[in-house]
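Student: Here you go, one structure.
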Amino acid sequence: MYWTGLSADEARKFTAGKDKSKKDKRTTLKEAVKKYVKDGDNLGIAGFVNGRQPISIVHEIIRQGRKNLTLSFQSSGLSIEYLAGAMVLDEKHLSISRMEFAYWAHEAFGISPLFRHLAENGRIELEDWSNYNMSARFKAGSMGLPFIPCRSPMGSDMIKRNRAKVIECPFTHRPIMLLPASHPNVAVIHVQEADIYGNCRIQGPLFTCPEIAMASAYTIITCERLIDHDEMVRFPNRINIPFFAVDAVAEVPFGSYPGNCHGVHYFDEKHIPEFRAACEKFRKGDAAALKEYYDTYIFSVENTAGFIDRIPFSQIQHTQIIESGIGLAADSNTSRMKGDEGFGKAVSR
Amino acid sequence: MEKQYHDDFTVQEMIVVAGARTLPDNKVIFAGTGLPMVAITLAQLKYGPGIVPVFEAGAVGPSLSCGLPLSVGDSRTTYKANYLLGLNSAFELTQRGFADFGFIGGAEIDPYGNLNSTMMGDFNDSYQKPKTRLPGSGGASDMACSCEQTIIIMVHEKRRFNEKLSYVTSPGYLDGSPNARWNAGLAGQGPYRVITTKAILGFDDETRRMKLIATLPGETVNSVQDATGFELIIPDDVYPFEPPTVEEIHLIREVIDPRGYFVKKKIKQ
């Protein structure tokens, strides 16, 4: 058995020895990445496919460059595609050595061209799991347990090449599968609201964000907006990540753009295909478009504000208009009035 | 009013209609990304107002009336949801027995309903450098294992229907032996239907091998068998499936997926 990131015992010891005081953790993303993300780290990538992906943190990691990263996530699209694009353009600047994951593609926007490129050329080490497996592995990490039992996917070829163990359940005497906990070195997470201490309030699906934050040694949070601590603690039930599981907080509006951020904006249905098309050209042997994309949107800008500046405002505004998620107030459950996108009335039953 | 059938539709539109009509009302249906998501949207709109969709990113029992979701985790999956946490809570529901059906797709299928969505090529030798790498399991293997039954959507091509898979991602009836799933430790009963671009298929109760139930419009028993890389069980009561109606095609084209995210895409040859 080997551990990537921290072992269960190392993770416990690390957190027990950590300063957990309630202090102001605001910082710039540049500083946070510089301080917490190291070469060789196992990164826990939060979000789900292209929903609430930690894009601004990933762009900053790309600007600074890191090598031999292990990426742990259940399902992801843009975050991993961006890191992979940086790797294929200049492996000396940024490289991924290993992935522990369930799915890398973009759902409606298509498969991942750079996953095909990297895997089919044997450039990264893969450990396939299911979505529940990766989520449960983070959960085991967050629970302080070295493993968690799980019923799927026994019978699959996945368990021939990953670290899962099928044992006889000591109570039912039937086969049961055990998954090793995942403790990434750093969790990278984008949320809608946080306070200066790191308490986070998530809108819409939580994905596996709370578990990843609790399981990791360090957690970097970007938020759409910082809110007053007093406002945050008005609804203690709605705090999804507690302050002591967070090390750095940066207020970065549009921090998961061009993906979907629930209650804030929908997918940018122009920009995602534009980026993906550049990746597909690379896979087919033409690196020019991908290089131009990175020069334009990542390397020639300072931060997320610079990235967003390069996208037409009308295009961004459209993603806000078509967003159907509920508003950001903790006690709000009102959906945006439905316009052309909704189709509730169009049907006779 | 007399039913009007549409005479010009694509195979993907047909598969969505067939999927929507197959989903039973008043059941909890855990739906995967792609065509299952379109079909469950049509089903909830048109046939099954009591269908309770579950999406793995967390949404349980939403109303799919905010536009077609482009992801099983996007905002449109959460409108009027009855429960909304995250992936762990969604998959825990399947293990506990709360999900009646899993509704999933795959790239390759075998006679026992095992699915591959991981890689093409030689497993285990070329796992780290496969001939073709596919996106990976996502939640499909969890649904296939732990939902009580599964309904599978497949593009029906000979190269996708093989006696032996490159890689088993999502377990069906495994090797087809009696109690294979139970013996492997699985909780759910396994595949119920396979809905393809050519046919509706099920599984023989004894051998657990795939059997033909109905042919889709334009197909015959022979054309379906010819497009299948293994021998199908052909019972005497195979029937022609009812073609899509004008209203169903209208709903898919104009209302549910007007931009053609999932339905009008060219099927990769």
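To be explicit about the labels: the chains of the structure tokens are called A, B, and onward in the order shown, and within each one the residues are counted from 1, while ligands get numbers from 1 in the order they are shown.
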Applying 12 Å and only C-alpha atoms, which residues near range 170-176 of chain A remain after dropping the ones on its own chain fewer than 3 positions away? List them as a list in words.
Tutor: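 Surrounding residues, per the criterion: Ile148, Pro149, Cys150, Arg151, Ser152, Pro153, Met154, Gly155, Ala164, Lys165, Val166, Ile167 and Leu179 of chain A; Arg181, Trp182, Asn183, Ala184, Gly185, Leu186 and Ala187 of chain B.
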Student: Return the neighbours of chain B among the residues of chain A, cut-off 7 Å, counting only C-alpha atoms, as a PyMOL selection string.
Tutor: chain A and resi 48+51+75+102-105+107-108+111+116+119-122+125-126+130-132+135-136+151-158+174-176+204-208+260+262+324-325+341-344+347+349
Student: Please list as a PyMOL selection string every residue within 9 Å of Ser7 in chain A, counting only C-alpha atoms and excluding residues in the same chain fewer than 3 positions away.
Tutor: chain A and resi 2-4+10-12+146+181-183
Student: Could you write out the selected residues, including C-alpha atoms, as a PDB file, in the first residue's frame?
Tutor:
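Output file part04.pdb is given in full below:
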```pdb
ATOM      1  CA  TYR A   2       1.195   3.493  -0.831  1.00  0.00           C
ATOM      2  CA  TRP A   3      -0.330   6.882  -0.045  1.00  0.00           C
ATOM      3  CA  THR A   4      -0.311   9.926  -2.294  1.00  0.00           C
ATOM      4  CA  GLU A  10       0.304  11.875   8.737  1.00  0.00           C
ATOM      5  CA  ALA A  11      -2.876  13.855   8.021  1.00  0.00           C
ATOM      6  CA  ARG A  12      -4.115  13.466  11.591  1.00  0.00           C
ATOM      7  CA  PRO A 146      -7.920   5.240   6.900  1.00  0.00           C
ATOM      8  CA  ALA A 181      -8.809   7.673   2.361  1.00  0.00           C
ATOM      9  CA  SER A 182      -7.576  10.574   0.233  1.00  0.00           C
ATOM     10  CA  HIS A 183      -5.688  13.389   1.957  1.00  0.00           C
TER      11      HIS A 183
END
```
Student: Taking the DSSP assignment computed from this structure's backbone, write out as number ranges by chain all residues of range 16-203 of chain B that belong to helix (DSSP H, G or I).
Tutor: B: 16-22, 35-46, 75-77, 87-96, 140-146, 158-160, 180-184
Student: So which bits of range 36-270 of chain A end up strand (DSSP E) when you DSSP the backbone, as an MDAnalysis selection string?
Tutor: chainID A and resid 42:45 69:72 75:76 96:101 103:104 125:128 147:150 165:168 175:180 186:194 200:201 218:226 248:251
Student: With C-alpha atoms retained, write the just-selected residues as a short mmCIF file (atom, residue, chain, number, x, y, z; two decimals), in the first residue's frame.
Tutor:
```cif
data_model
loop_
_atom_site.label_atom_id
_atom_site.label_comp_id
_atom_site.auth_asym_id
_atom_site.auth_seq_id
_atom_site.Cartn_x
_atom_site.Cartn_y
_atom_site.Cartn_z
CA ASN A 42 -1.36 16.09 -4.57
CA LEU A 43 -4.05 18.67 -5.39
CA GLY A 44 -7.67 18.04 -4.47
CA ILE A 45 -9.67 19.66 -7.25
CA LEU A 69 1.48 17.31 -9.62
CA THR A 70 -0.94 14.56 -8.64
CA LEU A 71 -4.55 15.55 -9.30
CA SER A 72 -7.35 14.03 -7.22
CA SER A 75 -15.30 14.45 -12.21
CA SER A 76 -13.65 17.45 -13.79
CA ILE A 96 1.00 16.48 -14.08
CA SER A 97 2.49 13.13 -13.17
CA ARG A 98 -0.56 11.28 -11.86
CA MET A 99 -4.34 11.38 -11.63
CA GLU A 100 -6.72 9.69 -9.19
CA PHE A 101 -10.12 10.32 -10.70
CA TYR A 103 -14.16 11.20 -15.19
CA TRP A 104 -12.38 13.81 -17.28
CA GLU A 125 -0.01 7.72 -14.55
CA LEU A 126 -3.69 6.91 -14.14
CA GLU A 127 -5.68 5.46 -11.28
CA ASP A 128 -9.34 5.08 -12.29
CA PHE A 147 -10.59 3.61 4.71
CA ILE A 148 -14.29 3.52 3.98
CA PRO A 149 -16.42 0.56 2.84
CA CYS A 150 -18.34 0.90 -0.39
CA LYS A 165 -9.53 -4.05 -1.62
CA VAL A 166 -12.44 -6.45 -1.68
CA ILE A 167 -12.71 -8.36 1.59
CA GLU A 168 -15.29 -10.56 3.25
CA PRO A 175 -17.83 -9.29 -0.31
CA ILE A 176 -17.36 -5.61 0.50
CA MET A 177 -14.97 -3.10 -1.00
CA LEU A 178 -12.64 -0.87 1.03
CA LEU A 179 -11.33 2.42 -0.32
CA PRO A 180 -8.23 4.14 1.05
CA VAL A 186 -3.88 21.21 -0.94
CA ALA A 187 -7.59 21.56 -1.72
CA VAL A 188 -8.52 24.18 -4.29
CA ILE A 189 -12.15 25.29 -4.05
CA HIS A 190 -14.38 28.04 -5.41
CA VAL A 191 -17.54 28.98 -3.48
CA GLN A 192 -20.13 31.72 -3.72
CA GLU A 193 -19.68 33.22 -0.24
CA ALA A 194 -17.01 33.20 2.44
CA CYS A 200 -17.94 29.10 3.43
CA ARG A 201 -21.55 29.08 2.32
CA TYR A 218 -4.27 23.00 3.33
CA THR A 219 -7.30 24.58 1.67
CA ILE A 220 -7.34 27.60 -0.64
CA ILE A 221 -10.75 29.21 -1.12
CA THR A 222 -11.81 31.69 -3.76
CA CYS A 223 -15.24 33.23 -3.36
CA GLU A 224 -17.59 35.29 -5.50
CA ARG A 225 -17.93 37.64 -2.58
CA LEU A 226 -16.77 38.09 0.97
CA ALA A 248 -6.42 31.21 2.56
CA VAL A 249 -9.40 33.20 1.31
CA ALA A 250 -9.33 35.35 -1.83
CA GLU A 251 -12.32 37.26 -3.13
#
```
Student: If you measure from CA of Leu232 in chain B to CA of Asp100 in chain B, what distance in Å do you get, rounded to one decimal?
Tutor: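 Taking CA of Leu232 in chain B and CA of Asp100 in chain B, their separation equals 26.5 Å.
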Student: Can you list, as a PyMOL selection string, every protein, DNA or RNA residue that comes within 8 Å of range 311-321 of chain A when you count only C-alpha atoms, leaving out same-chain residues fewer than 6 positions away?
Tutor: chain A and resi 264-268+270
Student: Using only N, CA, C and O atoms, please write the residues we just selected to a file, as a PDB file, in the first residue's frame.
Tutor:
```pdb
ATOM      1  N   VAL A 264     -25.034  32.505  -9.858  1.00  0.00           N
ATOM      2  CA  VAL A 264     -24.235  33.648 -10.318  1.00  0.00           C
ATOM      3  C   VAL A 264     -24.198  33.714 -11.848  1.00  0.00           C
ATOM      4  O   VAL A 264     -24.561  34.719 -12.445  1.00  0.00           O
ATOM      5  N   HIS A 265     -23.754  32.644 -12.471  1.00  0.00           N
ATOM      6  CA  HIS A 265     -23.766  32.619 -13.943  1.00  0.00           C
ATOM      7  C   HIS A 265     -23.789  31.176 -14.426  1.00  0.00           C
ATOM      8  O   HIS A 265     -23.335  30.263 -13.726  1.00  0.00           O
ATOM      9  N   TYR A 266     -24.318  30.986 -15.633  1.00  0.00           N
ATOM     10  CA  TYR A 266     -24.350  29.661 -16.257  1.00  0.00           C
ATOM     11  C   TYR A 266     -23.035  29.458 -17.013  1.00  0.00           C
ATOM     12  O   TYR A 266     -22.111  30.265 -16.924  1.00  0.00           O
ATOM     13  N   PHE A 267     -22.941  28.356 -17.776  1.00  0.00           N
ATOM     14  CA  PHE A 267     -21.758  28.116 -18.602  1.00  0.00           C
ATOM     15  C   PHE A 267     -21.629  29.211 -19.666  1.00  0.00           C
ATOM     16  O   PHE A 267     -22.628  29.690 -20.193  1.00  0.00           O
ATOM     17  N   ASP A 268     -20.410  29.568 -20.016  1.00  0.00           N
ATOM     18  CA  ASP A 268     -20.187  30.393 -21.203  1.00  0.00           C
ATOM     19  C   ASP A 268     -20.128  29.435 -22.395  1.00  0.00           C
ATOM     20  O   ASP A 268     -19.110  28.769 -22.625  1.00  0.00           O
ATOM     21  N   LYS A 270     -19.932  29.913 -25.425  1.00  0.00           N
ATOM     22  CA  LYS A 270     -19.016  30.251 -26.533  1.00  0.00           C
ATOM     23  C   LYS A 270     -17.574  29.974 -26.142  1.00  0.00           C
ATOM     24  O   LYS A 270     -16.787  29.446 -26.915  1.00  0.00           O
TER      25      LYS A 270
END
```
Student: From the options A:Phe244, A:Phe275, A:Tyr257, A:Phe138, which residue's atoms come nearest to Gly85 in chain A, counting only C-alpha atoms?
Tutor: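 Result for the nearest residue to Gly85 in chain A: A:Phe275.
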Student: Calculated over only C-alpha atoms, which of the candidates B:Asp110, B:Glu13, B:Asp125, B:Glu148 has the smallest distance to Val28 in chain B?
Tutor: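 Answer, going by the shortest atom-to-atom distance: B:Glu148.
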Student: Please, what distance in Å, to one decimal, runs between CA of Pro253 in chain A and CA of Ala305 in chain A?
Tutor: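 Distance between the two atoms: 8.2 Å.
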Student: Using Å and a single decimal, report how far CA of Pro36 in chain B sits from CA of Asn222 in chain B.
Tutor: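 That distance, rounded to one decimal, is 26.7 Å.
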Student: Pull the closest atom pair for each residue of range 87-141 of chain A that gets at most 12 Å from range 59-63 of chain A, along with the distance in Å to one decimal, counting only C-alpha atoms, ordering rows by chain and then ascending residue number, as JSON lines.
Tutor:
```
{"residue": "A:Met87", "atom": "CA", "partner": "A:Ile62", "partner_atom": "CA", "distance": 8.9}
{"residue": "A:Val88", "atom": "CA", "partner": "A:Ile62", "partner_atom": "CA", "distance": 12.0}
{"residue": "A:Leu89", "atom": "CA", "partner": "A:Ile62", "partner_atom": "CA", "distance": 11.1}
{"residue": "A:Asp90", "atom": "CA", "partner": "A:Ile62", "partner_atom": "CA", "distance": 10.5}
{"residue": "A:Glu91", "atom": "CA", "partner": "A:Ile62", "partner_atom": "CA", "distance": 11.2}
{"residue": "A:Lys92", "atom": "CA", "partner": "A:Ile62", "partner_atom": "CA", "distance": 11.7}
{"residue": "A:His93", "atom": "CA", "partner": "A:Ile62", "partner_atom": "CA", "distance": 8.2}
{"residue": "A:Leu94", "atom": "CA", "partner": "A:Ile62", "partner_atom": "CA", "distance": 6.8}
{"residue": "A:Ser95", "atom": "CA", "partner": "A:Ile62", "partner_atom": "CA", "distance": 9.7}
{"residue": "A:Ile96", "atom": "CA", "partner": "A:Ile62", "partner_atom": "CA", "distance": 11.4}
```
